[in-house]
file entry34.cif (mmCIF, N, CA and C atoms)
data_structure
loop_
_atom_site.label_atom_id
_atom_site.label_comp_id
_atom_site.auth_asym_id
_atom_site.auth_seq_id
_atom_site.Cartn_x
_atom_site.Cartn_y
_atom_site.Cartn_z
N MET A 1 -1.06 0.10 14.31
CA MET A 1 -0.37 -0.61 13.24
C MET A 1 -1.15 -1.88 12.94
N ARG A 2 -1.26 -2.17 11.70
CA ARG A 2 -1.95 -3.39 11.27
C ARG A 2 -1.07 -4.08 10.24
N LEU A 3 -0.80 -5.36 10.47
CA LEU A 3 0.00 -6.12 9.53
C LEU A 3 -0.86 -6.52 8.34
N ASN A 4 -0.24 -6.64 7.18
CA ASN A 4 -1.00 -7.00 5.98
C ASN A 4 -1.32 -8.50 5.96
N LEU A 5 -2.21 -8.88 5.06
CA LEU A 5 -2.62 -10.29 4.95
C LEU A 5 -1.45 -11.18 4.57
N GLN A 6 -0.53 -10.67 3.79
CA GLN A 6 0.63 -11.46 3.39
C GLN A 6 1.42 -11.91 4.61
N THR A 7 1.62 -11.02 5.56
CA THR A 7 2.34 -11.35 6.79
C THR A 7 1.55 -12.35 7.62
N ASP A 8 0.26 -12.10 7.75
CA ASP A 8 -0.62 -13.00 8.49
C ASP A 8 -0.56 -14.41 7.90
N PHE A 9 -0.73 -14.52 6.60
CA PHE A 9 -0.71 -15.82 5.93
C PHE A 9 0.67 -16.48 6.03
N ALA A 10 1.73 -15.68 5.93
CA ALA A 10 3.09 -16.23 6.03
C ALA A 10 3.32 -16.85 7.40
N LEU A 11 2.93 -16.15 8.44
CA LEU A 11 3.11 -16.68 9.79
C LEU A 11 2.27 -17.93 10.01
N ARG A 12 1.05 -17.93 9.52
CA ARG A 12 0.20 -19.11 9.66
C ARG A 12 0.79 -20.31 8.91
N LEU A 13 1.26 -20.06 7.68
CA LEU A 13 1.85 -21.13 6.88
C LEU A 13 3.08 -21.70 7.58
N LEU A 14 3.93 -20.83 8.08
CA LEU A 14 5.13 -21.28 8.77
C LEU A 14 4.80 -22.08 10.02
N MET A 15 3.79 -21.65 10.77
CA MET A 15 3.38 -22.41 11.96
C MET A 15 2.86 -23.78 11.55
N HIS A 16 2.10 -23.82 10.47
CA HIS A 16 1.57 -25.10 9.98
C HIS A 16 2.71 -26.04 9.61
N LEU A 17 3.72 -25.52 8.93
CA LEU A 17 4.86 -26.34 8.53
C LEU A 17 5.67 -26.79 9.74
N ALA A 18 5.78 -25.94 10.74
CA ALA A 18 6.53 -26.31 11.96
C ALA A 18 5.81 -27.43 12.71
N VAL A 19 4.51 -27.35 12.79
CA VAL A 19 3.73 -28.38 13.48
C VAL A 19 3.81 -29.70 12.72
N ASN A 20 3.88 -29.64 11.42
CA ASN A 20 3.91 -30.83 10.57
C ASN A 20 5.30 -31.05 9.98
N GLU A 21 6.31 -30.98 10.84
CA GLU A 21 7.71 -31.06 10.41
C GLU A 21 8.03 -32.31 9.58
N ASN A 22 7.39 -33.40 9.88
CA ASN A 22 7.70 -34.66 9.20
C ASN A 22 6.77 -34.96 8.03
N GLU A 23 6.00 -33.98 7.63
CA GLU A 23 5.04 -34.12 6.53
C GLU A 23 5.40 -33.12 5.44
N LEU A 24 4.72 -33.23 4.31
CA LEU A 24 4.86 -32.28 3.22
C LEU A 24 3.47 -31.74 2.86
N PRO A 25 2.93 -30.83 3.68
CA PRO A 25 1.60 -30.30 3.37
C PRO A 25 1.61 -29.52 2.05
N THR A 26 0.51 -29.59 1.35
CA THR A 26 0.37 -28.83 0.11
C THR A 26 -0.25 -27.47 0.41
N ILE A 27 -0.12 -26.58 -0.52
CA ILE A 27 -0.74 -25.26 -0.39
C ILE A 27 -2.25 -25.42 -0.25
N ALA A 28 -2.82 -26.32 -1.03
CA ALA A 28 -4.27 -26.55 -0.96
C ALA A 28 -4.69 -27.02 0.42
N GLU A 29 -3.93 -27.93 1.03
CA GLU A 29 -4.26 -28.42 2.37
C GLU A 29 -4.21 -27.30 3.40
N VAL A 30 -3.17 -26.50 3.32
CA VAL A 30 -3.02 -25.40 4.29
C VAL A 30 -4.12 -24.37 4.08
N ALA A 31 -4.39 -24.02 2.84
CA ALA A 31 -5.44 -23.04 2.55
C ALA A 31 -6.79 -23.53 3.06
N THR A 32 -7.07 -24.80 2.86
CA THR A 32 -8.33 -25.38 3.34
C THR A 32 -8.39 -25.34 4.86
N ARG A 33 -7.30 -25.72 5.51
CA ARG A 33 -7.27 -25.74 6.97
C ARG A 33 -7.58 -24.35 7.56
N PHE A 34 -7.04 -23.30 6.93
CA PHE A 34 -7.23 -21.95 7.43
C PHE A 34 -8.43 -21.23 6.82
N GLY A 35 -9.03 -21.82 5.79
CA GLY A 35 -10.15 -21.17 5.13
C GLY A 35 -9.75 -19.89 4.42
N ILE A 36 -8.58 -19.95 3.75
CA ILE A 36 -8.07 -18.77 3.05
C ILE A 36 -7.87 -19.10 1.56
N SER A 37 -7.64 -18.07 0.78
CA SER A 37 -7.47 -18.22 -0.66
C SER A 37 -6.21 -19.01 -1.01
N LYS A 38 -6.40 -20.05 -1.80
CA LYS A 38 -5.27 -20.86 -2.26
C LYS A 38 -4.32 -20.02 -3.12
N ASN A 39 -4.88 -19.18 -3.98
CA ASN A 39 -4.05 -18.34 -4.85
C ASN A 39 -3.21 -17.36 -4.05
N HIS A 40 -3.81 -16.74 -3.05
CA HIS A 40 -3.06 -15.79 -2.23
C HIS A 40 -1.98 -16.52 -1.45
N LEU A 41 -2.31 -17.69 -0.90
CA LEU A 41 -1.33 -18.47 -0.15
C LEU A 41 -0.19 -18.93 -1.04
N MET A 42 -0.49 -19.22 -2.29
CA MET A 42 0.55 -19.62 -3.24
C MET A 42 1.57 -18.49 -3.43
N LYS A 43 1.09 -17.26 -3.52
CA LYS A 43 2.00 -16.11 -3.65
C LYS A 43 2.86 -15.95 -2.41
N VAL A 44 2.26 -16.15 -1.24
CA VAL A 44 2.99 -16.04 0.02
C VAL A 44 4.04 -17.15 0.10
N ALA A 45 3.66 -18.37 -0.26
CA ALA A 45 4.60 -19.50 -0.23
C ALA A 45 5.77 -19.23 -1.16
N ASN A 46 5.50 -18.68 -2.33
CA ASN A 46 6.55 -18.34 -3.28
C ASN A 46 7.53 -17.33 -2.67
N LEU A 47 7.00 -16.33 -1.99
CA LEU A 47 7.84 -15.33 -1.32
C LEU A 47 8.72 -16.00 -0.26
N LEU A 48 8.13 -16.92 0.51
CA LEU A 48 8.88 -17.60 1.56
C LEU A 48 9.93 -18.55 0.98
N VAL A 49 9.64 -19.16 -0.16
CA VAL A 49 10.63 -20.01 -0.83
C VAL A 49 11.80 -19.15 -1.30
N ARG A 50 11.49 -18.04 -1.97
CA ARG A 50 12.55 -17.13 -2.45
C ARG A 50 13.38 -16.57 -1.30
N GLY A 51 12.76 -16.38 -0.14
CA GLY A 51 13.46 -15.85 1.02
C GLY A 51 14.26 -16.88 1.79
N GLY A 52 14.15 -18.15 1.40
CA GLY A 52 14.91 -19.19 2.07
C GLY A 52 14.30 -19.72 3.36
N TYR A 53 13.01 -19.47 3.56
CA TYR A 53 12.33 -19.94 4.77
C TYR A 53 11.63 -21.28 4.54
N VAL A 54 11.24 -21.54 3.29
CA VAL A 54 10.47 -22.72 2.94
C VAL A 54 11.09 -23.38 1.72
N ASP A 55 11.06 -24.71 1.72
CA ASP A 55 11.45 -25.49 0.54
C ASP A 55 10.19 -26.04 -0.10
N ALA A 56 10.13 -25.97 -1.42
CA ALA A 56 9.02 -26.56 -2.17
C ALA A 56 9.52 -27.84 -2.81
N VAL A 57 8.87 -28.93 -2.48
CA VAL A 57 9.23 -30.24 -3.03
C VAL A 57 8.25 -30.52 -4.16
N ARG A 58 8.76 -30.66 -5.35
CA ARG A 58 7.91 -30.87 -6.53
C ARG A 58 7.55 -32.34 -6.69
N GLY A 59 6.55 -32.57 -7.50
CA GLY A 59 6.16 -33.93 -7.82
C GLY A 59 4.86 -34.35 -7.16
N ARG A 60 4.44 -35.55 -7.48
CA ARG A 60 3.16 -36.06 -7.01
C ARG A 60 3.07 -36.12 -5.49
N ALA A 61 4.15 -36.49 -4.83
CA ALA A 61 4.17 -36.58 -3.38
C ALA A 61 4.78 -35.33 -2.75
N GLY A 62 4.83 -34.24 -3.51
CA GLY A 62 5.48 -33.03 -3.05
C GLY A 62 4.62 -32.20 -2.11
N GLY A 63 5.20 -31.13 -1.69
CA GLY A 63 4.54 -30.20 -0.78
C GLY A 63 5.54 -29.19 -0.28
N LEU A 64 5.28 -28.67 0.89
CA LEU A 64 6.14 -27.64 1.47
C LEU A 64 6.73 -28.13 2.78
N ARG A 65 7.93 -27.61 3.09
CA ARG A 65 8.56 -27.89 4.38
C ARG A 65 9.44 -26.69 4.73
N LEU A 66 9.75 -26.58 6.00
CA LEU A 66 10.63 -25.51 6.44
C LEU A 66 12.03 -25.72 5.87
N ALA A 67 12.66 -24.66 5.46
CA ALA A 67 14.03 -24.74 4.95
C ALA A 67 15.05 -24.65 6.08
N ARG A 68 14.59 -24.19 7.24
CA ARG A 68 15.45 -24.07 8.41
C ARG A 68 14.69 -24.59 9.63
N PRO A 69 15.40 -24.94 10.68
CA PRO A 69 14.69 -25.35 11.90
C PRO A 69 13.85 -24.20 12.44
N PRO A 70 12.73 -24.50 13.09
CA PRO A 70 11.84 -23.45 13.60
C PRO A 70 12.54 -22.47 14.55
N GLU A 71 13.53 -22.94 15.29
CA GLU A 71 14.23 -22.04 16.22
C GLU A 71 15.17 -21.08 15.50
N LYS A 72 15.34 -21.26 14.20
CA LYS A 72 16.20 -20.38 13.40
C LYS A 72 15.38 -19.41 12.53
N ILE A 73 14.07 -19.38 12.74
CA ILE A 73 13.21 -18.47 11.97
C ILE A 73 12.56 -17.51 12.95
N GLY A 74 13.00 -16.26 12.90
CA GLY A 74 12.51 -15.25 13.83
C GLY A 74 11.21 -14.61 13.34
N VAL A 75 10.33 -14.34 14.28
CA VAL A 75 9.06 -13.70 13.94
C VAL A 75 9.30 -12.31 13.37
N GLY A 76 10.19 -11.54 13.98
CA GLY A 76 10.50 -10.20 13.47
C GLY A 76 11.08 -10.25 12.07
N GLU A 77 11.89 -11.25 11.81
CA GLU A 77 12.49 -11.44 10.48
C GLU A 77 11.41 -11.66 9.43
N ILE A 78 10.41 -12.47 9.77
CA ILE A 78 9.32 -12.74 8.83
C ILE A 78 8.49 -11.48 8.60
N VAL A 79 8.21 -10.74 9.66
CA VAL A 79 7.43 -9.51 9.50
C VAL A 79 8.18 -8.54 8.60
N ARG A 80 9.46 -8.38 8.80
CA ARG A 80 10.24 -7.47 7.95
C ARG A 80 10.26 -7.95 6.49
N ALA A 81 10.30 -9.27 6.29
CA ALA A 81 10.37 -9.82 4.94
C ALA A 81 9.05 -9.72 4.19
N THR A 82 7.94 -9.64 4.91
CA THR A 82 6.63 -9.68 4.25
C THR A 82 5.88 -8.36 4.26
N GLU A 83 6.25 -7.46 5.15
CA GLU A 83 5.59 -6.17 5.19
C GLU A 83 6.20 -5.23 4.16
N VAL A 84 5.37 -4.63 3.36
CA VAL A 84 5.83 -3.71 2.33
C VAL A 84 6.23 -2.37 2.95
N ASP A 85 5.49 -1.96 3.97
CA ASP A 85 5.69 -0.63 4.53
C ASP A 85 5.43 -0.65 6.03
N LEU A 86 6.48 -0.46 6.81
CA LEU A 86 6.33 -0.43 8.27
C LEU A 86 6.17 1.00 8.80
N ALA A 87 6.07 1.96 7.91
CA ALA A 87 5.86 3.35 8.33
C ALA A 87 4.41 3.50 8.80
N ILE A 88 4.23 3.67 10.11
CA ILE A 88 2.87 3.74 10.62
C ILE A 88 2.24 5.12 10.48
N VAL A 89 3.07 6.11 10.16
CA VAL A 89 2.56 7.45 9.84
C VAL A 89 3.33 7.96 8.63
N GLU A 90 2.75 8.91 7.97
CA GLU A 90 3.30 9.41 6.72
C GLU A 90 4.74 9.91 6.83
N CYS A 91 5.08 10.58 7.93
CA CYS A 91 6.41 11.17 8.05
C CYS A 91 7.53 10.13 8.19
N LEU A 92 7.17 8.87 8.46
CA LEU A 92 8.19 7.82 8.55
C LEU A 92 8.45 7.16 7.21
N LYS A 93 7.68 7.51 6.21
CA LYS A 93 7.88 6.94 4.87
C LYS A 93 9.17 7.48 4.27
N ASP A 94 9.73 6.70 3.32
CA ASP A 94 10.91 7.17 2.61
C ASP A 94 10.61 8.53 2.00
N GLY A 95 11.48 9.47 2.17
CA GLY A 95 11.29 10.81 1.62
C GLY A 95 10.50 11.73 2.55
N GLY A 96 9.99 11.20 3.65
CA GLY A 96 9.32 12.04 4.64
C GLY A 96 7.86 12.30 4.41
N GLY A 97 7.30 11.86 3.32
CA GLY A 97 5.87 12.06 3.09
C GLY A 97 5.53 13.50 2.76
N GLU A 98 4.28 13.84 2.93
CA GLU A 98 3.77 15.14 2.52
C GLU A 98 3.42 16.06 3.69
N CYS A 99 3.57 15.60 4.92
CA CYS A 99 3.15 16.39 6.07
C CYS A 99 4.00 17.67 6.20
N LEU A 100 3.33 18.78 6.32
CA LEU A 100 4.01 20.08 6.37
C LEU A 100 4.74 20.34 7.67
N ILE A 101 4.35 19.69 8.76
CA ILE A 101 5.00 19.96 10.04
C ILE A 101 6.13 18.98 10.37
N THR A 102 6.42 18.06 9.47
CA THR A 102 7.45 17.04 9.71
C THR A 102 8.77 17.64 10.21
N PRO A 103 9.27 18.71 9.64
CA PRO A 103 10.57 19.22 10.11
C PRO A 103 10.59 19.64 11.59
N SER A 104 9.44 20.00 12.13
CA SER A 104 9.41 20.47 13.52
C SER A 104 8.60 19.57 14.46
N CYS A 105 8.11 18.46 13.96
CA CYS A 105 7.22 17.60 14.73
C CYS A 105 8.00 16.55 15.52
N ARG A 106 7.71 16.45 16.79
CA ARG A 106 8.36 15.46 17.65
C ARG A 106 7.64 14.11 17.62
N LEU A 107 6.46 14.10 17.08
CA LEU A 107 5.69 12.86 17.03
C LEU A 107 6.39 11.81 16.17
N LYS A 108 7.10 12.25 15.16
CA LYS A 108 7.83 11.34 14.29
C LYS A 108 8.79 10.46 15.10
N GLY A 109 9.51 11.05 16.01
CA GLY A 109 10.45 10.31 16.85
C GLY A 109 9.74 9.32 17.76
N VAL A 110 8.58 9.71 18.26
CA VAL A 110 7.80 8.83 19.12
C VAL A 110 7.34 7.60 18.34
N PHE A 111 6.82 7.82 17.14
CA PHE A 111 6.37 6.69 16.32
C PHE A 111 7.53 5.82 15.85
N ARG A 112 8.67 6.42 15.56
CA ARG A 112 9.85 5.64 15.17
C ARG A 112 10.27 4.74 16.34
N GLU A 113 10.29 5.30 17.54
CA GLU A 113 10.66 4.52 18.73
C GLU A 113 9.65 3.39 18.97
N ALA A 114 8.38 3.68 18.81
CA ALA A 114 7.34 2.67 19.01
C ALA A 114 7.47 1.53 18.00
N THR A 115 7.77 1.87 16.75
CA THR A 115 7.95 0.84 15.71
C THR A 115 9.16 -0.03 16.03
N GLN A 116 10.24 0.60 16.48
CA GLN A 116 11.44 -0.15 16.84
C GLN A 116 11.16 -1.08 18.03
N ALA A 117 10.40 -0.61 19.00
CA ALA A 117 10.05 -1.44 20.16
C ALA A 117 9.19 -2.63 19.73
N PHE A 118 8.26 -2.38 18.83
CA PHE A 118 7.40 -3.43 18.29
C PHE A 118 8.26 -4.52 17.64
N LEU A 119 9.17 -4.11 16.77
CA LEU A 119 10.02 -5.06 16.06
C LEU A 119 10.99 -5.77 17.01
N GLN A 120 11.50 -5.05 18.00
CA GLN A 120 12.40 -5.68 18.98
C GLN A 120 11.67 -6.75 19.78
N THR A 121 10.42 -6.52 20.08
CA THR A 121 9.63 -7.53 20.78
C THR A 121 9.45 -8.76 19.90
N LEU A 122 9.11 -8.56 18.64
CA LEU A 122 8.95 -9.68 17.71
C LEU A 122 10.27 -10.44 17.53
N ASP A 123 11.38 -9.72 17.57
CA ASP A 123 12.70 -10.34 17.41
C ASP A 123 13.06 -11.29 18.55
N ARG A 124 12.38 -11.19 19.67
CA ARG A 124 12.66 -12.07 20.81
C ARG A 124 12.03 -13.45 20.63
N TYR A 125 11.19 -13.63 19.60
CA TYR A 125 10.46 -14.88 19.43
C TYR A 125 10.81 -15.55 18.10
N THR A 126 10.79 -16.88 18.14
CA THR A 126 11.02 -17.67 16.94
C THR A 126 9.77 -18.49 16.64
N LEU A 127 9.79 -19.11 15.49
CA LEU A 127 8.71 -20.01 15.11
C LEU A 127 8.56 -21.14 16.12
N ALA A 128 9.67 -21.59 16.66
CA ALA A 128 9.62 -22.65 17.68
C ALA A 128 8.87 -22.17 18.93
N ASP A 129 9.07 -20.91 19.31
CA ASP A 129 8.36 -20.37 20.48
C ASP A 129 6.85 -20.40 20.28
N LEU A 130 6.41 -20.24 19.05
CA LEU A 130 4.98 -20.20 18.75
C LEU A 130 4.36 -21.60 18.68
N THR A 131 5.17 -22.60 18.37
CA THR A 131 4.60 -23.92 18.07
C THR A 131 4.97 -25.02 19.05
N ARG A 132 6.12 -24.94 19.65
CA ARG A 132 6.54 -26.01 20.56
C ARG A 132 5.77 -25.92 21.87
N ARG A 133 5.45 -27.08 22.40
CA ARG A 133 4.67 -27.18 23.65
C ARG A 133 3.37 -26.39 23.58
N ASN A 134 2.74 -26.44 22.41
CA ASN A 134 1.45 -25.76 22.19
C ASN A 134 0.48 -26.82 21.67
N SER A 135 -0.03 -27.63 22.57
CA SER A 135 -0.83 -28.78 22.17
C SER A 135 -2.12 -28.38 21.46
N LYS A 136 -2.73 -27.28 21.85
CA LYS A 136 -3.97 -26.86 21.17
C LYS A 136 -3.69 -26.53 19.70
N LEU A 137 -2.60 -25.83 19.45
CA LEU A 137 -2.24 -25.51 18.06
C LEU A 137 -1.91 -26.79 17.30
N ARG A 138 -1.15 -27.68 17.91
CA ARG A 138 -0.79 -28.94 17.26
C ARG A 138 -2.04 -29.76 16.94
N ASP A 139 -2.99 -29.79 17.86
CA ASP A 139 -4.22 -30.54 17.62
C ASP A 139 -4.97 -29.97 16.42
N PHE A 140 -4.99 -28.65 16.29
CA PHE A 140 -5.72 -28.02 15.20
C PHE A 140 -5.02 -28.16 13.87
N LEU A 141 -3.69 -28.03 13.87
CA LEU A 141 -2.95 -27.98 12.61
C LEU A 141 -2.37 -29.31 12.15
N SER A 142 -2.32 -30.28 13.01
CA SER A 142 -1.70 -31.55 12.65
C SER A 142 -2.42 -32.21 11.49
N LEU A 143 -1.66 -32.61 10.49
CA LEU A 143 -2.25 -33.28 9.33
C LEU A 143 -2.84 -34.63 9.71
N THR A 144 -2.29 -35.25 10.72
CA THR A 144 -2.81 -36.56 11.14
C THR A 144 -4.16 -36.42 11.83
N ALA A 145 -4.48 -35.20 12.31
CA ALA A 145 -5.78 -34.97 12.96
C ALA A 145 -6.83 -34.52 11.95
N ALA A 146 -6.42 -34.26 10.73
CA ALA A 146 -7.32 -33.69 9.72
C ALA A 146 -8.41 -34.63 9.30
#
call {"tool": "encode", "arguments": {"input": "entry34.cif", "output": "structure tokens"}}
result
Amino acid sequence: MRLNLQTDFALRLLMHLAVNENELPTIAEVATRFGISKNHLMKVANLLVRGGYVDAVRGRAGGLRLARPPEKIGVGEIVRATEVDLAIVECLKDGGGECLITPSCRLKGVFREATQAFLQTLDRYTLADLTRRNSKLRDFLSLTAA
């Protein structure tokens, strides 16, 4: 299983905002820090704003901030919100896909169980778990260290 860039960028953006809780980083600052596309990050930020994870503060001194405390934002929740398709094989897709052996194949159940275990593991962690007491991450992402 491979997560899409949208999920990767969303998690990075959220970690950046958690580390800089008392600041209002801009999309440009975050994109520069990570060396990623500003336009792509803007789309991800928009998705996170619409989902209620991030607040966008408009104006000259504006930027982004978390809409909820980091301990209230689950990693599994973010993955589910940003991944378009968690079906790791064709038979798990809506409608069952095109595989001819799907009706008699036991592999489908194995992959379904594995996907559920993956998501259950992610559900045990919050944004706070990723950022709190993580001095190396704070040193890298802190706006005051920039």
call {"tool": "resolve_selection", "arguments": {"input": "entry34.cif", "expression": "the PyMOL selection byres ((chain A and resi 12-27) around 6)", "output": "list in words"}}
result
Thr7, Asp8, Phe9, Ala10, Leu11, Ala28, Glu29, Val30, Ala31, Thr32, Lys38, Gly62, Gly63, Leu64, Arg65, Leu66, Arg138, Leu141, Ser142 and Leu143 of chain A
call {"tool": "write_last_selection", "arguments": {"input": "entry34.cif", "atoms": "N, CA and C atoms", "output": "CSV table (one decimal), in the coordinates of the input"}}
result
chain,number,residue,atom,x,y,z
A,7,THR,N,1.6,-11.0,5.6
A,7,THR,CA,2.3,-11.4,6.8
A,7,THR,C,1.6,-12.4,7.6
A,8,ASP,N,0.3,-12.1,7.8
A,8,ASP,CA,-0.6,-13.0,8.5
A,8,ASP,C,-0.6,-14.4,7.9
A,9,PHE,N,-0.7,-14.5,6.6
A,9,PHE,CA,-0.7,-15.8,5.9
A,9,PHE,C,0.7,-16.5,6.0
A,10,ALA,N,1.7,-15.7,5.9
A,10,ALA,CA,3.1,-16.2,6.0
A,10,ALA,C,3.3,-16.8,7.4
A,11,LEU,N,2.9,-16.2,8.4
A,11,LEU,CA,3.1,-16.7,9.8
A,11,LEU,C,2.3,-17.9,10.0
A,28,ALA,N,-2.8,-26.3,-1.0
A,28,ALA,CA,-4.3,-26.6,-1.0
A,28,ALA,C,-4.7,-27.0,0.4
A,29,GLU,N,-3.9,-27.9,1.0
A,29,GLU,CA,-4.3,-28.4,2.4
A,29,GLU,C,-4.2,-27.3,3.4
A,30,VAL,N,-3.2,-26.5,3.3
A,30,VAL,CA,-3.0,-25.4,4.3
A,30,VAL,C,-4.1,-24.4,4.1
A,31,ALA,N,-4.4,-24.0,2.8
A,31,ALA,CA,-5.4,-23.0,2.6
A,31,ALA,C,-6.8,-23.5,3.1
A,32,THR,N,-7.1,-24.8,2.9
A,32,THR,CA,-8.3,-25.4,3.3
A,32,THR,C,-8.4,-25.3,4.9
A,38,LYS,N,-6.4,-20.0,-1.8
A,38,LYS,CA,-5.3,-20.9,-2.3
A,38,LYS,C,-4.3,-20.0,-3.1
A,62,GLY,N,4.8,-34.2,-3.5
A,62,GLY,CA,5.5,-33.0,-3.0
A,62,GLY,C,4.6,-32.2,-2.1
A,63,GLY,N,5.2,-31.1,-1.7
A,63,GLY,CA,4.5,-30.2,-0.8
A,63,GLY,C,5.5,-29.2,-0.3
A,64,LEU,N,5.3,-28.7,0.9
A,64,LEU,CA,6.1,-27.6,1.5
A,64,LEU,C,6.7,-28.1,2.8
A,65,ARG,N,7.9,-27.6,3.1
A,65,ARG,CA,8.6,-27.9,4.4
A,65,ARG,C,9.4,-26.7,4.7
A,66,LEU,N,9.8,-26.6,6.0
A,66,LEU,CA,10.6,-25.5,6.4
A,66,LEU,C,12.0,-25.7,5.9
A,138,ARG,N,-1.2,-27.7,17.9
A,138,ARG,CA,-0.8,-28.9,17.3
A,138,ARG,C,-2.0,-29.8,16.9
A,141,LEU,N,-3.7,-28.0,13.9
A,141,LEU,CA,-3.0,-28.0,12.6
A,141,LEU,C,-2.4,-29.3,12.2
A,142,SER,N,-2.3,-30.3,13.0
A,142,SER,CA,-1.7,-31.6,12.6
A,142,SER,C,-2.4,-32.2,11.5
A,143,LEU,N,-1.7,-32.6,10.5
A,143,LEU,CA,-2.2,-33.3,9.3
A,143,LEU,C,-2.8,-34.6,9.7
call {"tool": "residues_around", "arguments": {"input": "entry34.cif", "residues": "A:Leu47", "least_positions_apart": "2", "cutoff": "12 Å", "atoms": "only C-alpha atoms", "output": "PyMOL selection string"}}
result
chain A and resi 6-7+9-10+13+40-45+49-56+78+81-83
call {"tool": "select_by_dssp", "arguments": {"input": "entry34.cif", "residues": "chain A", "states": "alpha helix (DSSP H)", "output": "JSON, numbers by chain"}}
result
{"A": [5, 6, 7, 8, 9, 10, 11, 12, 13, 14, 15, 16, 17, 18, 19, 27, 28, 29, 30, 31, 32, 33, 34, 38, 39, 40, 41, 42, 43, 44, 45, 46, 47, 48, 49, 50, 75, 76, 77, 78, 79, 80, 81, 82, 107, 108, 109, 110, 111, 112, 113, 114, 115, 116, 117, 118, 119, 120, 121, 122, 123, 127, 128, 129, 130, 131, 135, 136, 137, 138, 139, 140, 141]}
call {"tool": "select_by_dssp", "arguments": {"input": "entry34.cif", "residues": "stretch 18-146 of chain A", "states": "strand (DSSP E)", "output": "PyMOL selection string"}}
result
chain A and resi 54-57+63-66
call {"tool": "atom_distance", "arguments": {"input": "entry34.cif", "atom1": "atom CA of A:Thr131", "atom2": "atom N of A:Arg33"}}
result
17.4 Å
call {"tool": "closest_residue", "arguments": {"input": "entry34.cif", "among": "A:Lys136, A:Ile101, A:Gly95, A:Glu77", "to": "A:Asp123", "atoms": "only N, CA and C atoms"}}
result
A:Glu77
call {"tool": "atom_distance", "arguments": {"input": "entry34.cif", "atom1": "atom N of A:Pro69", "atom2": "atom N of A:Ala87"}}
result
28.6 Å
call {"tool": "atom_distance", "arguments": {"input": "entry34.cif", "atom1": "atom N of A:Leu5", "atom2": "atom N of A:Gly74"}}
result
18.6 Å
call {"tool": "closest_residue", "arguments": {"input": "entry34.cif", "among": "A:Ile73, A:Asp85, A:Phe140, A:Glu113", "to": "A:Ala128", "atoms": "only C-alpha atoms"}}
result
A:Ile73
call {"tool": "residues_around", "arguments": {"input": "entry34.cif", "residues": "A:Glu71", "least_positions_apart": "4", "cutoff": "6.5 Å", "atoms": "all atoms listed in the file", "output": "PyMOL selection string"}}
result
chain A and resi 126-129
call {"tool": "closest_residue", "arguments": {"input": "entry34.cif", "among": "A:Asn134, A:Thr115, A:Asn39, A:Gln120", "to": "A:Ile88", "atoms": "all atoms listed in the file"}}
result
A:Thr115
call {"tool": "closest_residue", "arguments": {"input": "entry34.cif", "among": "A:Gly59, A:Met1, A:Asp94, A:Val79", "to": "A:Ala114", "atoms": "only C-alpha atoms"}}
result
A:Met1
call {"tool": "closest_residue", "arguments": {"input": "entry34.cif", "among": "A:Arg124, A:Asn4, A:Arg58, A:Asn46", "to": "A:Val75", "atoms": "all atoms listed in the file"}}
result
A:Arg124
call {"tool": "closest_residue", "arguments": {"input": "entry34.cif", "among": "A:Val110, A:Ala67, A:Val89, A:Ile36", "to": "A:Leu48", "atoms": "only C-alpha atoms"}}
result
A:Ala67
